[in-house]
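Structure file final09.cif with mmCIF, C-alpha atoms and all ligand atoms:
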data_work
loop_
_atom_site.label_atom_id
_atom_site.label_comp_id
_atom_site.auth_asym_id
_atom_site.auth_seq_id
_atom_site.Cartn_x
_atom_site.Cartn_y
_atom_site.Cartn_z
CA MET A 1461 95.07 70.46 49.48
CA ALA A 1462 96.17 71.80 46.09
CA PRO A 1463 93.24 72.88 43.89
CA VAL A 1464 93.05 71.61 40.31
CA PRO A 1465 94.55 74.34 38.03
CA ILE A 1466 91.62 76.60 37.14
CA SER A 1467 92.76 77.07 33.55
CA SER A 1468 92.34 73.35 32.83
CA ILE A 1469 88.64 73.28 33.76
CA LYS A 1470 85.83 74.54 31.54
CA ILE A 1471 82.57 74.25 33.42
CA GLY A 1472 80.47 76.89 31.65
CA HIS A 1473 78.01 79.16 33.40
CA ILE A 1474 76.34 77.70 36.48
CA ASP A 1475 72.92 79.14 37.26
CA ASP A 1476 72.31 79.83 40.94
CA VAL A 1477 69.25 77.71 41.75
CA GLN A 1478 67.75 80.21 44.22
CA GLU A 1479 67.84 82.88 41.50
CA LEU A 1480 66.37 80.40 39.02
CA ARG A 1481 63.55 79.63 41.41
CA ARG A 1482 62.88 83.34 41.85
CA ALA A 1483 62.67 83.83 38.07
CA ARG A 1484 60.23 80.89 37.76
CA PRO A 1485 61.14 79.84 34.20
CA THR A 1486 58.48 77.86 32.33
CA THR A 1487 60.95 75.06 31.71
CA ILE A 1488 63.88 73.75 33.74
CA PRO A 1489 67.23 74.57 32.09
CA ASP A 1490 68.65 71.54 30.33
CA ARG A 1491 71.76 71.31 32.51
CA PHE A 1492 69.55 70.42 35.47
CA VAL A 1493 67.35 67.90 33.66
CA ARG A 1494 68.55 64.39 34.43
CA ASP A 1495 68.63 61.48 32.00
CA MET A 1496 65.64 59.16 32.43
CA ALA A 1497 67.58 56.54 34.42
CA GLU A 1498 68.65 59.10 37.01
CA ARG A 1499 65.31 60.85 37.54
CA PRO A 1500 63.73 60.35 40.94
CA SER A 1501 60.56 58.27 40.97
CA THR A 1502 57.67 59.71 43.00
CA ALA A 1503 55.80 56.93 44.80
CA THR A 1504 58.34 55.45 47.21
CA PRO A 1505 57.26 54.47 50.70
CA SER A 1506 59.13 56.10 53.58
CA MET A 1507 61.19 53.72 55.57
CA HIS A 1508 62.83 54.06 58.94
CA ILE A 1509 66.56 53.61 59.22
CA PRO A 1510 67.75 52.25 62.59
CA VAL A 1511 67.64 54.66 65.53
CA ILE A 1512 70.48 54.44 68.06
CA ASP A 1513 70.01 55.90 71.52
CA LEU A 1514 73.43 57.21 72.53
CA SER A 1515 72.40 57.65 76.17
CA LYS A 1516 71.81 53.88 76.40
CA LEU A 1517 75.33 53.24 75.10
CA ILE A 1518 76.91 55.73 77.49
CA GLU A 1519 74.90 55.32 80.68
CA GLY A 1520 72.50 52.43 80.14
CA ASP A 1521 72.71 49.29 82.26
CA ARG A 1522 74.71 46.31 80.91
CA ASP A 1523 71.76 44.86 78.99
CA GLN A 1524 70.74 48.16 77.46
CA SER A 1525 74.22 49.06 76.32
CA HIS A 1526 74.81 45.56 74.97
CA THR A 1527 71.56 45.63 72.97
CA GLU A 1528 72.31 49.10 71.63
CA LEU A 1529 75.85 48.09 70.64
CA SER A 1530 74.47 45.13 68.67
CA LYS A 1531 71.99 47.47 66.98
CA LEU A 1532 74.88 49.76 66.10
CA ALA A 1533 76.80 46.86 64.53
CA VAL A 1534 73.76 45.83 62.44
CA SER A 1535 73.15 49.46 61.37
CA CYS A 1536 76.73 49.86 60.14
CA GLU A 1537 76.83 46.45 58.46
CA GLU A 1538 73.44 46.32 56.80
CA TRP A 1539 72.44 49.95 56.37
CA GLY A 1540 75.55 52.12 56.53
CA PHE A 1541 73.18 54.70 58.05
CA PHE A 1542 71.46 55.30 61.36
CA GLN A 1543 69.86 58.17 63.23
CA VAL A 1544 71.20 59.00 66.66
CA VAL A 1545 68.97 60.33 69.42
CA ASN A 1546 69.92 61.55 72.91
CA HIS A 1547 73.23 62.54 71.36
CA GLY A 1548 73.91 65.27 73.92
CA ILE A 1549 73.85 68.22 71.52
CA ASP A 1550 71.32 70.81 72.71
CA LYS A 1551 68.30 71.62 70.59
CA GLU A 1552 69.32 75.29 70.88
CA MET A 1553 72.66 74.48 69.23
CA LEU A 1554 70.89 72.61 66.42
CA ARG A 1555 68.49 75.52 65.88
CA SER A 1556 71.25 78.13 66.01
CA ILE A 1557 73.31 76.53 63.23
CA GLU A 1558 70.15 76.13 61.14
CA LYS A 1559 69.36 79.81 61.73
CA VAL A 1560 72.77 81.17 60.65
CA ALA A 1561 72.90 78.83 57.66
CA MET A 1562 69.42 79.90 56.52
CA GLU A 1563 70.25 83.57 57.10
CA PHE A 1564 73.33 83.14 54.92
CA PHE A 1565 71.42 81.46 52.07
CA MET A 1566 68.74 84.17 52.19
CA LEU A 1567 71.31 86.96 51.60
CA PRO A 1568 71.39 88.66 48.20
CA LEU A 1569 73.42 86.74 45.61
CA GLU A 1570 76.10 89.49 45.43
CA GLU A 1571 76.78 89.03 49.16
CA LYS A 1572 77.05 85.23 48.91
CA GLN A 1573 79.30 85.55 45.86
CA LYS A 1574 81.90 87.24 48.05
CA TYR A 1575 82.78 83.66 49.07
CA PRO A 1576 83.02 81.92 45.69
CA MET A 1577 83.89 78.26 45.30
CA ALA A 1578 86.55 78.46 42.58
CA PRO A 1579 86.38 75.76 39.87
CA GLY A 1580 88.34 72.71 41.00
CA THR A 1581 88.06 73.57 44.71
CA VAL A 1582 85.53 72.48 47.34
CA GLN A 1583 85.40 75.40 49.73
CA GLY A 1584 83.07 78.40 49.50
CA TYR A 1585 79.63 79.09 48.05
CA GLY A 1586 78.53 77.46 44.82
CA GLN A 1587 78.42 73.99 43.27
CA ALA A 1588 81.24 71.57 44.01
CA PHE A 1589 82.35 68.61 41.89
CA VAL A 1590 81.59 70.24 38.53
CA PHE A 1591 84.35 69.47 36.05
CA SER A 1592 82.84 69.82 32.57
CA GLU A 1593 80.36 71.86 30.59
CA ASN A 1594 78.14 68.88 29.84
CA GLN A 1595 77.90 67.59 33.40
CA LYS A 1596 74.38 67.72 34.89
CA LEU A 1597 74.01 70.16 37.78
CA ASP A 1598 72.41 69.67 41.18
CA TRP A 1599 69.38 71.70 42.30
CA CYS A 1600 71.29 72.89 45.34
CA ASN A 1601 73.34 75.79 46.62
CA MET A 1602 76.08 74.88 49.01
CA LEU A 1603 78.51 76.53 51.34
CA ALA A 1604 81.42 74.23 52.20
CA LEU A 1605 84.16 75.10 54.67
CA GLY A 1606 87.18 73.32 56.09
CA VAL A 1607 87.06 73.55 59.90
CA GLU A 1608 89.84 71.45 61.47
CA PRO A 1609 92.81 71.30 61.61
CA LEU A 1610 93.31 75.04 61.25
CA PHE A 1611 95.56 74.73 58.19
CA ILE A 1612 92.63 73.53 56.03
CA ARG A 1613 90.62 76.67 56.83
CA ASN A 1614 90.33 79.46 54.36
CA PRO A 1615 89.19 82.34 56.62
CA LYS A 1616 88.38 84.50 53.59
CA LEU A 1617 85.56 82.10 52.79
CA TRP A 1618 83.92 82.28 56.22
CA PRO A 1619 80.91 84.60 55.86
CA THR A 1620 80.83 87.79 57.92
CA LYS A 1621 77.03 87.92 57.56
CA PRO A 1622 75.14 87.00 59.63
CA ALA A 1623 77.50 88.46 62.22
CA ASN A 1624 77.38 85.39 64.49
CA PHE A 1625 78.03 82.88 61.68
CA SER A 1626 81.65 81.99 62.54
CA GLU A 1627 81.11 81.87 66.29
CA THR A 1628 78.07 79.61 65.86
CA LEU A 1629 79.89 77.32 63.43
CA GLU A 1630 82.89 77.05 65.79
CA LYS A 1631 80.73 76.02 68.75
CA TYR A 1632 78.62 73.64 66.66
CA SER A 1633 81.70 72.02 65.09
CA ALA A 1634 83.35 71.49 68.48
CA SER A 1635 80.32 69.56 69.74
CA ILE A 1636 79.96 67.56 66.53
CA ARG A 1637 83.69 66.69 66.73
CA MET A 1638 83.16 65.32 70.20
CA LEU A 1639 80.13 63.34 69.02
CA CYS A 1640 82.18 61.83 66.17
CA GLN A 1641 84.86 60.73 68.62
CA ILE A 1642 82.27 59.15 70.92
CA LEU A 1643 80.59 57.38 68.01
CA LEU A 1644 83.93 56.12 66.70
CA SER A 1645 84.74 54.65 70.09
CA PHE A 1646 81.45 52.71 70.11
CA ILE A 1647 81.92 51.69 66.48
CA ALA A 1648 85.34 50.29 67.43
CA MET A 1649 83.75 48.41 70.34
CA SER A 1650 81.06 47.05 68.03
CA LEU A 1651 83.91 45.48 66.03
CA HIS A 1652 85.41 43.99 69.23
CA MET A 1653 88.31 46.42 69.01
CA ASN A 1654 89.81 48.67 71.66
CA ASN A 1655 87.49 51.68 72.05
CA ASP A 1656 90.32 54.13 71.26
CA ALA A 1657 91.45 52.29 68.15
CA PHE A 1658 90.04 54.67 65.51
CA ASN A 1659 90.52 57.87 67.49
CA ASP A 1660 94.18 57.03 68.12
CA MET A 1661 94.71 56.02 64.50
CA PHE A 1662 93.11 59.18 63.04
CA GLY A 1663 95.56 61.69 64.57
CA ASP A 1664 94.50 65.32 64.22
CA ALA A 1665 91.28 64.49 62.37
CA VAL A 1666 90.07 66.52 59.40
CA GLN A 1667 86.63 68.07 59.79
CA ALA A 1668 84.68 69.97 57.16
CA VAL A 1669 81.14 71.28 57.02
CA ARG A 1670 78.84 71.59 54.07
CA MET A 1671 75.55 73.46 54.25
CA ASN A 1672 73.17 72.42 51.49
CA TYR A 1673 70.18 74.57 50.58
CA TYR A 1674 67.63 73.06 48.20
CA PRO A 1675 65.02 75.57 46.98
CA PRO A 1676 61.66 74.19 45.83
CA CYS A 1677 61.66 73.04 42.20
CA SER A 1678 58.62 73.16 39.92
CA ARG A 1679 59.69 69.81 38.38
CA PRO A 1680 61.14 67.67 41.18
CA ASP A 1681 60.61 64.66 38.92
CA LEU A 1682 63.29 65.93 36.49
CA VAL A 1683 66.09 67.11 38.76
CA LEU A 1684 68.24 65.91 41.64
CA GLY A 1685 69.06 68.02 44.67
CA LEU A 1686 72.36 66.20 45.09
CA SER A 1687 73.90 63.56 42.78
CA PRO A 1688 74.26 59.98 44.05
CA HIS A 1689 77.50 59.53 45.95
CA SER A 1690 79.12 57.91 48.93
CA ASP A 1691 81.02 60.16 51.36
CA GLY A 1692 84.81 60.11 51.41
CA SER A 1693 84.89 60.68 55.16
CA ALA A 1694 85.13 58.10 57.94
CA LEU A 1695 81.85 59.31 59.47
CA THR A 1696 79.35 61.89 58.30
CA VAL A 1697 76.90 63.68 60.59
CA LEU A 1698 73.89 65.02 58.73
CA GLN A 1699 71.41 67.41 60.30
CA GLN A 1700 68.11 67.79 58.47
CA ALA A 1701 66.83 71.23 59.48
CA GLU A 1702 63.56 71.43 61.37
CA GLY A 1703 60.62 72.00 59.03
CA SER A 1704 62.52 70.88 55.93
CA SER A 1705 60.91 68.61 53.35
CA VAL A 1706 61.91 64.93 53.22
CA GLY A 1707 64.79 64.81 50.75
CA LEU A 1708 67.55 62.38 51.67
CA GLN A 1709 67.36 58.99 49.93
CA ILE A 1710 69.62 56.00 50.41
CA LEU A 1711 70.21 53.10 48.05
CA LYS A 1712 68.93 50.01 49.83
CA ASP A 1713 68.62 46.70 47.98
CA ASP A 1714 68.77 48.61 44.67
CA ASN A 1715 65.88 50.93 45.59
CA TRP A 1716 66.10 54.61 46.45
CA GLU A 1717 64.46 54.85 49.86
CA PRO A 1718 63.60 58.19 51.52
CA VAL A 1719 64.86 58.78 55.04
CA GLN A 1720 62.08 60.05 57.27
CA PRO A 1721 63.54 62.69 59.63
CA VAL A 1722 63.20 62.03 63.37
CA PRO A 1723 62.89 65.38 65.22
CA ASN A 1724 66.24 66.50 66.70
CA ALA A 1725 67.98 63.30 65.67
CA LEU A 1726 71.21 63.40 63.66
CA VAL A 1727 71.68 61.11 60.69
CA ILE A 1728 75.03 59.31 60.78
CA ASN A 1729 76.54 57.52 57.85
CA ILE A 1730 79.61 55.39 57.38
CA GLY A 1731 82.01 56.94 54.84
CA ASP A 1732 84.45 55.30 52.42
CA THR A 1733 87.28 55.44 54.96
CA LEU A 1734 85.51 53.20 57.49
CA GLU A 1735 84.45 50.88 54.69
CA VAL A 1736 88.13 50.45 53.79
CA LEU A 1737 89.33 50.11 57.39
CA THR A 1738 86.71 47.45 58.10
CA ASN A 1739 87.52 45.68 54.81
CA GLY A 1740 83.94 46.22 53.60
CA LYS A 1741 82.23 44.92 56.75
CA TYR A 1742 80.77 48.35 57.48
CA LYS A 1743 79.29 49.94 54.37
CA SER A 1744 79.60 53.40 52.88
CA VAL A 1745 76.18 53.52 51.29
CA GLU A 1746 75.25 55.53 48.21
CA HIS A 1747 72.80 58.35 48.83
CA ARG A 1748 71.34 61.39 47.08
CA ALA A 1749 68.92 64.24 47.73
CA VAL A 1750 65.71 65.03 45.88
CA THR A 1751 63.75 68.27 45.81
CA HIS A 1752 60.16 69.23 46.58
CA LYS A 1753 57.63 71.19 44.51
CA ASP A 1754 56.71 73.78 47.16
CA GLN A 1755 59.01 73.28 50.15
CA ASP A 1756 62.66 74.13 50.56
CA ARG A 1757 65.17 72.09 52.50
CA LEU A 1758 68.35 72.74 54.46
CA SER A 1759 70.87 70.17 55.56
CA ILE A 1760 74.05 70.72 57.54
CA VAL A 1761 76.63 68.05 56.96
CA THR A 1762 79.89 67.40 58.81
CA PHE A 1763 82.58 65.20 57.27
CA TYR A 1764 84.97 63.68 59.80
CA ALA A 1765 88.07 61.94 58.49
CA PRO A 1766 91.61 60.96 59.52
CA SER A 1767 94.53 63.35 59.25
CA TYR A 1768 95.92 63.59 55.70
CA GLU A 1769 99.23 61.95 56.70
CA ILE A 1770 97.59 58.71 57.77
CA GLU A 1771 98.24 55.53 55.77
CA LEU A 1772 95.06 53.50 55.51
CA GLY A 1773 94.07 50.00 54.53
CA PRO A 1774 91.93 47.16 55.84
CA LEU A 1775 92.67 46.30 59.46
CA PRO A 1776 94.38 42.89 59.68
CA GLU A 1777 91.81 41.63 62.22
CA LEU A 1778 89.06 42.15 59.62
CA ILE A 1779 90.76 40.16 56.87
CA ASN A 1780 90.06 36.45 56.83
CA ASP A 1781 89.14 33.58 54.51
CA ASN A 1782 85.51 34.66 54.40
CA ARG A 1783 86.44 38.29 53.86
CA PRO A 1784 89.63 38.45 51.80
CA CYS A 1785 91.39 41.78 51.54
CA MET A 1786 89.31 44.12 49.32
CA TYR A 1787 91.32 47.37 49.41
CA ARG A 1788 94.93 48.35 48.97
CA LYS A 1789 96.91 50.57 51.32
CA TYR A 1790 96.97 54.28 50.53
CA ASN A 1791 97.51 57.70 52.05
CA HIS A 1792 94.34 59.51 53.18
CA GLY A 1793 95.57 62.85 51.78
CA GLU A 1794 95.84 61.22 48.35
CA TYR A 1795 92.33 59.84 48.66
CA SER A 1796 90.98 63.26 49.66
CA LYS A 1797 92.64 64.77 46.59
CA HIS A 1798 91.19 62.03 44.39
CA TYR A 1799 87.73 62.52 45.93
CA VAL A 1800 87.58 66.27 45.42
CA THR A 1801 88.91 66.14 41.86
CA ASN A 1802 86.25 63.76 40.55
CA LYS A 1803 82.55 64.27 40.01
CA LEU A 1804 80.11 62.60 42.39
CA GLN A 1805 79.29 59.31 40.75
CA GLY A 1806 77.84 56.77 43.09
CA LYS A 1807 80.56 54.65 44.64
CA ARG A 1808 82.99 55.11 41.76
CA THR A 1809 85.45 57.20 43.80
CA LEU A 1810 86.22 54.24 46.05
CA GLU A 1811 87.52 52.29 43.06
CA PHE A 1812 90.70 54.24 43.82
CA ALA A 1813 91.33 51.77 46.63
CA LYS A 1814 89.63 48.59 45.40
CA ILE A 1815 91.78 45.59 44.71
CA GLN A 1816 90.66 44.37 41.29
CA THR A 1817 92.62 41.12 41.16
CA LYS A 1818 93.19 38.52 43.86
CA LEU A 1819 96.23 40.11 45.43
CA SER A 1820 96.88 39.75 49.13
CA CYS A 1821 97.13 42.87 51.30
C1 LIG A 1901 81.87 70.09 49.05
O1 LIG A 1901 82.76 69.39 49.80
C2 LIG A 1901 82.55 68.09 50.08
O2 LIG A 1901 81.56 67.54 49.73
C3 LIG A 1901 83.59 67.40 50.80
C4 LIG A 1901 84.73 68.18 51.09
C5 LIG A 1901 85.28 68.29 52.25
C6 LIG A 1901 86.49 69.04 52.50
C7 LIG A 1901 86.47 70.42 52.61
C8 LIG A 1901 85.25 71.25 52.40
C9 LIG A 1901 87.68 71.18 52.96
C10 LIG A 1901 88.94 70.41 52.83
C11 LIG A 1901 88.83 69.04 53.33
C12 LIG A 1901 87.72 68.19 52.73
C13 LIG A 1901 88.17 67.52 51.44
C14 LIG A 1901 87.41 67.11 53.75
C15 LIG A 1901 83.44 66.10 51.15
O3 LIG A 1901 84.28 65.57 52.06
C16 LIG A 1901 84.52 64.21 52.14
C17 LIG A 1901 85.49 63.78 51.14
C18 LIG A 1901 86.61 63.35 51.76
C19 LIG A 1901 87.83 62.72 51.18
C20 LIG A 1901 86.43 63.52 53.14
O4 LIG A 1901 87.24 63.24 53.99
O5 LIG A 1901 85.20 64.03 53.37
O1 LIG A 1902 71.12 66.93 52.01
C1 LIG A 1902 71.17 65.75 52.23
O2 LIG A 1902 70.33 65.12 52.84
C2 LIG A 1902 72.35 64.96 51.70
C3 LIG A 1902 73.65 65.68 51.84
C4 LIG A 1902 74.84 64.83 51.54
O3 LIG A 1902 74.75 63.68 51.29
C5 LIG A 1902 76.17 65.45 51.54
O4 LIG A 1902 76.28 66.68 51.68
O5 LIG A 1902 77.17 64.70 51.39
FE FE A 1903 76.73 62.67 51.36
#

Any chance you could put this one into structure tokens?
Ligand SMILES: COC(=O)C(/C=C/C1=C(C)CCCC1(C)C)=C/O[C@H]1C=C(C)C(=O)O1
Ligand SMILES: O=C(O)CCC(=O)C(=O)O
Ligand SMILES: [Fe+2]
Amino acid sequence: MAPVPISSIKIGHIDDVQELRRARPTTIPDRFVRDMAERPSTATPSMHIPVIDLSKLIEGDRDQSHTELSKLAVSCEEWGFFQVVNHGIDKEMLRSIEKVAMEFFMLPLEEKQKYPMAPGTVQGYGQAFVFSENQKLDWCNMLALGVEPLFIRNPKLWPTKPANFSETLEKYSASIRMLCQILLSFIAMSLHMNNDAFNDMFGDAVQAVRMNYYPPCSRPDLVLGLSPHSDGSALTVLQQAEGSSVGLQILKDDNWEPVQPVPNALVINIGDTLEVLTNGKYKSVEHRAVTHKDQDRLSIVTFYAPSYEIELGPLPELINDNRPCMYRKYNHGEYSKHYVTNKLQGKRTLEFAKIQTKLSC
């Protein structure tokens, strides 16, 4: 995907938050301090998003799989989020990706800066989605990499330290890819569609990984770890590293609700692409990350989306009198370009595809 011309973007100096934390300034630099309306409130109760047991879907008896499939439908329709347990990915694999990611973030800044995320691009180490000097910054360091298909990879941005980084990421990504395909087949079934419908439609699916490291922040009440956004993917798989602080929040009934991690579960969320394909039946829900005063946090996020060539739009079987067509047809490559060239701003990116007037599809 073509990066935005670097010369056209003035983003100013971006402080590295791990270095900021180390320096322990008495005040938080202004570029990180959010306007009042955006600041996270402290006293929110922790709520439990639905938990789906994949083993019941795959090998449960008729009743179990039927009940779990209905739970999956409700999760996608009412929450846009669920946690999946018994997903088949070994604990060792989960720990090994956490270990290499953490080892990378703990390297000296000069080493990490060998893999810079250039302004206007989304791959490498740094802060993505920054397009102006007066944009507020997230209290987060990230390493984002395209994984599949091979042409989206930029091998120069794959860290050589720790030595087993690439091998671990390859193995992890292959198992997460399989999980996404399995989940998409059950999601299709939950919509009374053929189980292969999405996997066949997606072609050679695009897969990218983003590792987010949130150092502690002395004023978690003033900053955000990650700005509110919905994901542009079809599905996102989010791993909250073992021992991390609670940090993910989802917008539910106009309240920011923290997601309590379930040990070894993976958090799955519906991205904009499935919202469009299902004509808004399944929701791509806004979410953000907050920071903690004393604890750091690591999340490993996989975005899974159709091939760039694919033309998308609401599926005809999900358009009816009760649910008139909400989105126009578009090319997924164009949407990806639109997504990565705009700042994260709630669900605004999806306006790209929204039908504003009462046109038919
Ligand atoms: C920091 O990056 C993101 O948050 C992100 C980007 C993903 C990508 C890469 C790192 C490499 C090239 C492909 C892609 C754009 C997927 C979010 O990804 C979402 C946004 C879209 C669109 C999507 O499919 O996933
Ligand atoms: O770190 C988190 O919990 C949220 C990450 C996220 O939403 C993302 O990377 O898109
Ligand atoms: Fe996200």

Checklist entry - For ligand LIG 1902 (chain A), which of A:Lys1814, A:Lys1789, A:Arg1748, A:Arg1637 is the closest residue, counting only C-alpha atoms and all ligand atoms? => result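 Using only C-alpha atoms and all ligand atoms, the shortest distance to ligand LIG 1902 (chain A) belongs to A:Arg1748.
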
Non-local contacts of stretch 1755-1765 of chain A (9 Å; all atoms listed in the file; under 3 positions in same chain excluded) as a tab-separated table (two decimals) with C-alpha atoms, in the frame of the given file:
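New file selection-v7.tsv:
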chain	number	residue	atom	x	y	z
A	1557	ILE	CA	73.31	76.53	63.23
A	1558	GLU	CA	70.15	76.13	61.14
A	1561	ALA	CA	72.90	78.83	57.66
A	1562	MET	CA	69.42	79.90	56.52
A	1633	SER	CA	81.70	72.02	65.09
A	1636	ILE	CA	79.96	67.56	66.53
A	1637	ARG	CA	83.69	66.69	66.73
A	1640	CYS	CA	82.18	61.83	66.17
A	1662	PHE	CA	93.11	59.18	63.04
A	1665	ALA	CA	91.28	64.49	62.37
A	1666	VAL	CA	90.07	66.52	59.40
A	1667	GLN	CA	86.63	68.07	59.79
A	1668	ALA	CA	84.68	69.97	57.16
A	1669	VAL	CA	81.14	71.28	57.02
A	1670	ARG	CA	78.84	71.59	54.07
A	1671	MET	CA	75.55	73.46	54.25
A	1672	ASN	CA	73.17	72.42	51.49
A	1673	TYR	CA	70.18	74.57	50.58
A	1674	TYR	CA	67.63	73.06	48.20
A	1675	PRO	CA	65.02	75.57	46.98
A	1676	PRO	CA	61.66	74.19	45.83
A	1677	CYS	CA	61.66	73.04	42.20
A	1691	ASP	CA	81.02	60.16	51.36
A	1692	GLY	CA	84.81	60.11	51.41
A	1693	SER	CA	84.89	60.68	55.16
A	1694	ALA	CA	85.13	58.10	57.94
A	1695	LEU	CA	81.85	59.31	59.47
A	1696	THR	CA	79.35	61.89	58.30
A	1697	VAL	CA	76.90	63.68	60.59
A	1698	LEU	CA	73.89	65.02	58.73
A	1699	GLN	CA	71.41	67.41	60.30
A	1700	GLN	CA	68.11	67.79	58.47
A	1701	ALA	CA	66.83	71.23	59.48
A	1702	GLU	CA	63.56	71.43	61.37
A	1703	GLY	CA	60.62	72.00	59.03
A	1704	SER	CA	62.52	70.88	55.93
A	1705	SER	CA	60.91	68.61	53.35
A	1706	VAL	CA	61.91	64.93	53.22
A	1707	GLY	CA	64.79	64.81	50.75
A	1731	GLY	CA	82.01	56.94	54.84
A	1733	THR	CA	87.28	55.44	54.96
A	1751	THR	CA	63.75	68.27	45.81
A	1752	HIS	CA	60.16	69.23	46.58
A	1768	TYR	CA	95.92	63.59	55.70
A	1792	HIS	CA	94.34	59.51	53.18

Item to check | Atom-to-atom span, atom C11 of ligand LIG 1901 (chain A) and atom CA of A:Gly1606, Å | outcome: 5.4 Å

Next on the checklist: Measuring between all atoms listed in the file, which one of A:Pro1776, A:Pro1489, A:Pro1723, A:Gly1806 shows the shortest distance to A:Gln1543?
Outcome noted: A:Pro1723

Item to check | Selection: 6 Å around stretch 1585-1602 of chain A, only C-alpha atoms, excl. self and same-chain fewer than 6 positions, as JSON, numbers by chain | outcome: {"A": [1470, 1471, 1472, 1491, 1492, 1575, 1576, 1577, 1671, 1672, 1673, 1674, 1684, 1685, 1686, 1803]}

Print the selection's residues with C-alpha atoms to a file, as a PDB file, in the coordinates of the input.
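That gives us out.pdb:
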ATOM      1  CA  LYS A1470      85.830  74.540  31.540  1.00  0.00           C
ATOM      2  CA  ILE A1471      82.570  74.250  33.420  1.00  0.00           C
ATOM      3  CA  GLY A1472      80.470  76.890  31.650  1.00  0.00           C
ATOM      4  CA  ARG A1491      71.760  71.310  32.510  1.00  0.00           C
ATOM      5  CA  PHE A1492      69.550  70.420  35.470  1.00  0.00           C
ATOM      6  CA  TYR A1575      82.780  83.660  49.070  1.00  0.00           C
ATOM      7  CA  PRO A1576      83.020  81.920  45.690  1.00  0.00           C
ATOM      8  CA  MET A1577      83.890  78.260  45.300  1.00  0.00           C
ATOM      9  CA  MET A1671      75.550  73.460  54.250  1.00  0.00           C
ATOM     10  CA  ASN A1672      73.170  72.420  51.490  1.00  0.00           C
ATOM     11  CA  TYR A1673      70.180  74.570  50.580  1.00  0.00           C
ATOM     12  CA  TYR A1674      67.630  73.060  48.200  1.00  0.00           C
ATOM     13  CA  LEU A1684      68.240  65.910  41.640  1.00  0.00           C
ATOM     14  CA  GLY A1685      69.060  68.020  44.670  1.00  0.00           C
ATOM     15  CA  LEU A1686      72.360  66.200  45.090  1.00  0.00           C
ATOM     16  CA  LYS A1803      82.550  64.270  40.010  1.00  0.00           C
TER      17      LYS A1803
END

Checklist entry - Using all atoms listed in the file, which residue out of A:Phe1542, A:Phe1565, A:Tyr1799, A:Trp1716 lies closest to ligand LIG 1901 (chain A)? => result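 Among the listed residues, the smallest separation from ligand LIG 1901 (chain A) belongs to A:Tyr1799.
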
Item to check | A:Ala1749, A:Ala1604, A:Cys1536, A:Leu1651 ranked by distance to ligand LIG 1902 (chain A), top pick (using all atoms listed in the file) | outcome: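 The answer is A:Ala1749, which sits nearest to ligand LIG 1902 (chain A).
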
Checklist entry - Smallest atom-to-atom distance to A:Thr1487: which of A:Asn1782, A:Ser1678, A:Gln1816, A:Ser1626, using all atoms listed in the file? => result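 Of A:Asn1782, A:Ser1678, A:Gln1816, A:Ser1626, the one nearest A:Thr1487, counting all atoms listed in the file, is A:Ser1678.
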
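Atom CA of A:Glu1563 lies 16.0 Å from atom CA of A:Leu1617.
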